[in-house]
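Raw protein-v4.cif, mmCIF, C-alpha atoms and all ligand atoms:
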```cif
data_input
#
loop_
_atom_site.group_PDB
_atom_site.id
_atom_site.type_symbol
_atom_site.label_atom_id
_atom_site.label_comp_id
_atom_site.auth_asym_id
_atom_site.auth_seq_id
_atom_site.Cartn_x
_atom_site.Cartn_y
_atom_site.Cartn_z
ATOM 1 C CA MET R 1 -14.222 8.518 5.522
ATOM 2 C CA PRO R 2 -11.220 9.805 7.457
ATOM 3 C CA ARG R 3 -8.753 11.929 5.553
ATOM 4 C CA PRO R 4 -5.085 12.629 6.243
ATOM 5 C CA THR R 5 -4.233 15.939 7.805
ATOM 6 C CA ALA R 6 -0.619 15.576 6.711
ATOM 7 C CA ILE R 7 1.694 13.127 5.025
ATOM 8 C CA THR R 8 5.189 12.766 6.355
ATOM 9 C CA LEU R 9 7.919 10.729 4.775
ATOM 10 C CA ASP R 10 10.445 9.899 7.480
ATOM 11 C CA ARG R 11 13.428 8.840 5.409
ATOM 12 C CA GLN R 12 15.554 8.113 8.437
ATOM 13 C CA ARG R 13 13.156 5.593 9.957
ATOM 14 C CA GLN R 14 11.804 4.611 6.521
ATOM 15 C CA LEU R 15 8.251 5.293 7.547
ATOM 16 C CA LEU R 16 5.347 7.019 5.949
ATOM 17 C CA ILE R 17 3.411 8.753 8.685
ATOM 18 C CA ILE R 18 -0.182 9.835 8.255
ATOM 19 C CA PRO R 19 -2.173 11.576 10.968
ATOM 20 C CA TRP R 20 -5.905 11.344 10.172
ATOM 21 C CA ASP R 21 -8.589 13.917 10.809
ATOM 22 C CA ASP R 22 -10.366 11.506 13.161
ATOM 23 C CA GLY R 23 -7.354 11.532 15.460
ATOM 24 C CA HIS R 24 -5.897 8.230 14.321
ATOM 25 C CA ARG R 25 -2.257 8.010 13.297
ATOM 26 C CA SER R 26 -0.798 5.498 10.881
ATOM 27 C CA GLU R 27 2.851 4.598 10.438
ATOM 28 C CA TYR R 28 3.676 2.483 7.427
ATOM 29 C CA PRO R 29 7.092 0.883 7.059
ATOM 30 C CA LEU R 30 8.062 1.618 3.444
ATOM 31 C CA SER R 31 8.708 -2.051 2.649
ATOM 32 C CA PHE R 32 5.191 -2.855 3.834
ATOM 33 C CA LEU R 33 3.780 -0.094 1.676
ATOM 34 C CA ARG R 34 5.637 -1.370 -1.366
ATOM 35 C CA GLU R 35 4.516 -4.935 -0.813
ATOM 36 C CA GLY R 36 0.970 -3.662 -0.539
ATOM 37 C CA CYS R 37 1.231 -1.732 -3.795
ATOM 38 C CA PRO R 38 -2.298 -1.779 -5.237
ATOM 39 C CA CYS R 39 -1.308 -1.401 -8.887
ATOM 40 C CA VAL R 40 -2.391 -3.988 -11.432
ATOM 41 C CA GLU R 41 1.188 -4.982 -12.061
ATOM 42 C CA CYS R 42 1.914 -5.830 -8.432
ATOM 43 C CA ARG R 43 -1.458 -7.354 -7.645
ATOM 44 C CA GLY R 44 -1.703 -9.167 -10.987
ATOM 45 C CA GLY R 45 1.530 -10.944 -10.178
ATOM 46 C CA HIS R 46 -0.147 -12.679 -7.279
ATOM 47 C CA ASP R 47 -3.275 -13.666 -9.164
ATOM 48 C CA ASN R 48 -1.188 -15.123 -11.955
ATOM 49 C CA MET R 49 0.862 -17.362 -9.734
ATOM 50 C CA GLY R 50 0.720 -20.962 -10.905
ATOM 51 C CA GLN R 51 -0.515 -19.917 -14.330
ATOM 52 C CA PRO R 52 1.562 -20.374 -17.462
ATOM 53 C CA PRO R 53 3.661 -17.253 -17.812
ATOM 54 C CA ASP R 54 2.496 -14.703 -20.271
ATOM 55 C CA VAL R 55 5.549 -13.052 -21.766
ATOM 56 C CA ASP R 56 4.139 -9.549 -21.597
ATOM 57 C CA SER R 57 3.320 -9.808 -17.916
ATOM 58 C CA LEU R 58 6.588 -11.605 -17.293
ATOM 59 C CA LEU R 59 8.426 -8.645 -18.721
ATOM 60 C CA LEU R 60 6.424 -6.370 -16.487
ATOM 61 C CA THR R 61 7.076 -8.410 -13.389
ATOM 62 C CA ILE R 62 10.737 -9.123 -14.057
ATOM 63 C CA PRO R 63 11.912 -6.974 -11.105
ATOM 64 C CA LEU R 64 12.113 -9.768 -8.557
ATOM 65 C CA GLU R 65 11.128 -9.276 -4.945
ATOM 66 C CA ARG R 66 14.664 -8.858 -3.785
ATOM 67 C CA THR R 67 15.382 -6.155 -6.325
ATOM 68 C CA LYS R 68 12.278 -4.201 -5.442
ATOM 69 C CA SER R 69 13.014 -0.821 -4.027
ATOM 70 C CA TYR R 70 11.693 -0.048 -0.583
ATOM 71 C CA LEU R 71 12.681 3.564 -0.787
ATOM 72 C CA ILE R 72 10.477 6.369 -1.987
ATOM 73 C CA SER R 73 12.062 8.958 -4.231
ATOM 74 C CA LYS R 74 8.977 11.106 -4.679
ATOM 75 C CA LEU R 75 5.481 11.388 -3.235
ATOM 76 C CA LEU R 76 2.875 12.705 -5.613
ATOM 77 C CA PRO R 77 -0.552 13.693 -4.353
ATOM 78 C CA VAL R 78 -3.384 12.480 -6.574
ATOM 79 C CA GLY R 79 -6.232 14.944 -6.552
ATOM 80 C CA ASN R 80 -7.516 15.063 -3.010
ATOM 81 C CA TYR R 81 -8.182 11.377 -2.696
ATOM 82 C CA GLY R 82 -4.851 9.628 -2.654
ATOM 83 C CA LEU R 83 -1.161 9.580 -3.304
ATOM 84 C CA GLN R 84 1.205 7.945 -5.703
ATOM 85 C CA PRO R 85 4.682 7.192 -4.419
ATOM 86 C CA GLU R 86 7.551 6.901 -6.847
ATOM 87 C CA TRP R 87 10.045 4.277 -5.712
ATOM 88 C CA THR R 88 13.743 4.601 -6.368
ATOM 89 C CA ASP R 89 13.549 1.739 -8.863
ATOM 90 C CA GLY R 90 11.161 3.821 -10.950
ATOM 91 C CA HIS R 91 7.960 1.992 -9.994
ATOM 92 C CA GLN R 92 5.173 4.525 -9.670
ATOM 93 C CA THR R 93 1.935 2.970 -10.883
ATOM 94 C CA GLY R 94 0.516 2.313 -7.424
ATOM 95 C CA LEU R 95 -2.270 4.686 -6.509
ATOM 96 C CA TYR R 96 -2.951 4.543 -2.783
ATOM 97 C CA THR R 97 -6.309 6.075 -2.047
ATOM 98 C CA TRP R 98 -7.004 7.321 1.481
ATOM 99 C CA ALA R 99 -9.453 4.469 1.949
ATOM 100 C CA TYR R 100 -6.859 1.944 0.862
ATOM 101 C CA LEU R 101 -4.201 3.457 3.094
ATOM 102 C CA ARG R 102 -6.515 3.461 6.040
ATOM 103 C CA GLU R 103 -7.371 -0.173 5.413
ATOM 104 C CA LEU R 104 -3.679 -0.953 5.184
ATOM 105 C CA CYS R 105 -2.873 0.658 8.530
ATOM 106 C CA PRO R 106 -0.549 -1.790 10.289
ATOM 107 C CA CYS R 107 -1.187 -0.574 13.854
ATOM 108 C CA PRO R 108 -2.387 -3.226 16.348
ATOM 109 C CA GLU R 109 -5.673 -1.405 16.827
ATOM 110 C CA CYS R 110 -6.592 -1.516 13.132
ATOM 111 C CA ARG R 111 -5.319 -5.066 12.717
ATOM 112 C CA ALA R 112 -7.461 -6.201 15.634
ATOM 113 C CA ARG R 113 -10.486 -4.450 14.216
ATOM 114 C CA ALA R 114 -9.988 -6.007 10.776
ATOM 115 C CA LYS R 115 -9.789 -9.401 12.437
ATOM 116 C CA ASP R 116 -12.903 -8.781 14.508
ATOM 117 C CA GLN R 117 -14.846 -7.782 11.440
ATOM 118 C CA SER R 118 -14.004 -10.983 9.641
ATOM 119 C CA LEU R 119 -14.608 -13.101 12.730
ATOM 120 C CA TYR R 120 -17.900 -11.588 13.725
ATOM 121 C CA ARG R 121 -19.457 -11.019 10.346
ATOM 122 C CA PRO R 122 -23.120 -11.880 10.876
ATOM 123 C CA LEU R 123 -23.990 -15.271 9.445
ATOM 124 C CA GLY R 124 -26.207 -15.430 6.429
ATOM 125 C CA GLU R 125 -25.750 -11.807 5.467
HETATM 126 ZN ZN ZN R 201 2.896 -1.715 -8.011
HETATM 127 ZN ZN ZN R 202 -4.362 2.094 12.665
#
```
Could I get this structure in the form of structure tokens?
Amino acid sequence: MPRPTAITLDRQRQLLIIPWDDGHRSEYPLSFLREGCPCVECRGGHDNMGQPPDVDSLLLTIPLERTKSYLISKLLPVGNYGLQPEWTDGHQTGLYTWAYLRELCPCPECRARAKDQSLYRPLGE
């Protein structure tokens, strides 16, 4: 499992830049990173679409897409396996593990590989 050798928050270009110890380099637009937030709150919102609203989860998901912050105020390392960004709207429950970040890498090379893997998955396995 590749690990980051550094984590750079480029506030000017609004990118999170991660060079990996296998030589790969990932650049995540912050909006992309926020939309991919792995926390239960963000992911649960998608699973619950079309379901009758549950008031508790409604309260949790009240920040609408357009009011979501795409700016990171703080980056907190989590042990040696991930990081937890705090967004300027206070959202900070997303824990991005290295594996998740690597999977999320938006570069053409990684996107192509992800596509290949789903296309060429051996049949019957
Ligand atoms: Zn989230
Ligand atoms: Zn990549």
(Q) Counting all atoms listed in the file, which residue out of R:Gly79, R:Pro108, R:Pro29, R:Gly36 sits closest to ligand ZN 201 (chain R)? (A)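 Going through R:Gly79, R:Pro108, R:Pro29, R:Gly36 one by one, the smallest distance to ligand ZN 201 (chain R) is for R:Gly36.
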Q: Can you tell me which residues come within 7 Å of ligand ZN 202 (chain R) when counting only C-alpha atoms and all ligand atoms, ideally as number ranges by chain?
A: R: 24-26, 105-110
Same residues, C-alpha atoms, output as a PDB file, keeping the file's coordinate frame:
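This is the output file selection-v3.pdb:
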```pdb
ATOM      1  CA  HIS R  24      -5.897   8.230  14.321  1.00  0.00           C
ATOM      2  CA  ARG R  25      -2.257   8.010  13.297  1.00  0.00           C
ATOM      3  CA  SER R  26      -0.798   5.498  10.881  1.00  0.00           C
ATOM      4  CA  CYS R 105      -2.873   0.658   8.530  1.00  0.00           C
ATOM      5  CA  PRO R 106      -0.549  -1.790  10.289  1.00  0.00           C
ATOM      6  CA  CYS R 107      -1.187  -0.574  13.854  1.00  0.00           C
ATOM      7  CA  PRO R 108      -2.387  -3.226  16.348  1.00  0.00           C
ATOM      8  CA  GLU R 109      -5.673  -1.405  16.827  1.00  0.00           C
ATOM      9  CA  CYS R 110      -6.592  -1.516  13.132  1.00  0.00           C
TER      10      CYS R 110
END
```
Q) Which residues, protein or nucleic acid, reach to within 10 Å of (-10.7, 6.0, 7.2) in the file's coordinates when using all atoms listed in the file, and can you give that as a list in words? A) Met1, Pro2, Arg3, Pro4, Trp20, Asp21, Asp22, His24, Trp98, Ala99, Tyr100, Leu101, Arg102, Glu103 and Cys105 of chain R
Q: Determine the nearest neighbour of ligand ZN 201 (chain R) from the options R:Cys37, R:Leu16, R:Leu9, R:Leu30, counting only C-alpha atoms and all ligand atoms.
A: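 That would be R:Cys37, the residue with the smallest distance to ligand ZN 201 (chain R).
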Q: Just give me the gap between CA of Val78 in chain R and CA of Gly94 in chain R in Å, one decimal is fine.
A: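 For CA of Val78 in chain R relative to CA of Gly94 in chain R, the distance reads 10.9 Å.
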**Q.** Given 7 Å and all atoms listed in the file, residues near ligand ZN 201 (chain R) as a list in words
**A.**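 The residues within 7 Å of ligand ZN 201 (chain R), counting all atoms listed in the file, are Cys37, Pro38, Cys39, Val40, Glu41, Cys42, His91, Gln92, Thr93 and Gly94 of chain R.
For the set R:Leu76, R:Leu71, R:Gly82, R:Arg43, the residue with the smallest atom-to-atom gap to Arg13 in chain R is R:Leu71, counting only C-alpha atoms.
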Q: Please indicate the distance in Å from CA of Pro19 in chain R to CA of Thr5 in chain R, rounded to one decimal place.
A: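 Pair CA of Pro19 in chain R / CA of Thr5 in chain R returns 5.8 Å.
Interatomic distance, CA of Gln84 in chain R to CA of Thr8 in chain R: 13.6 Å.
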(Q) Given the PyMOL selection byres (((chain R and resi 72) around 7) and not hetatm) and the file above, list the residues it selects as a PyMOL selection string. (A) chain R and resi 70-71+73-74+85-88
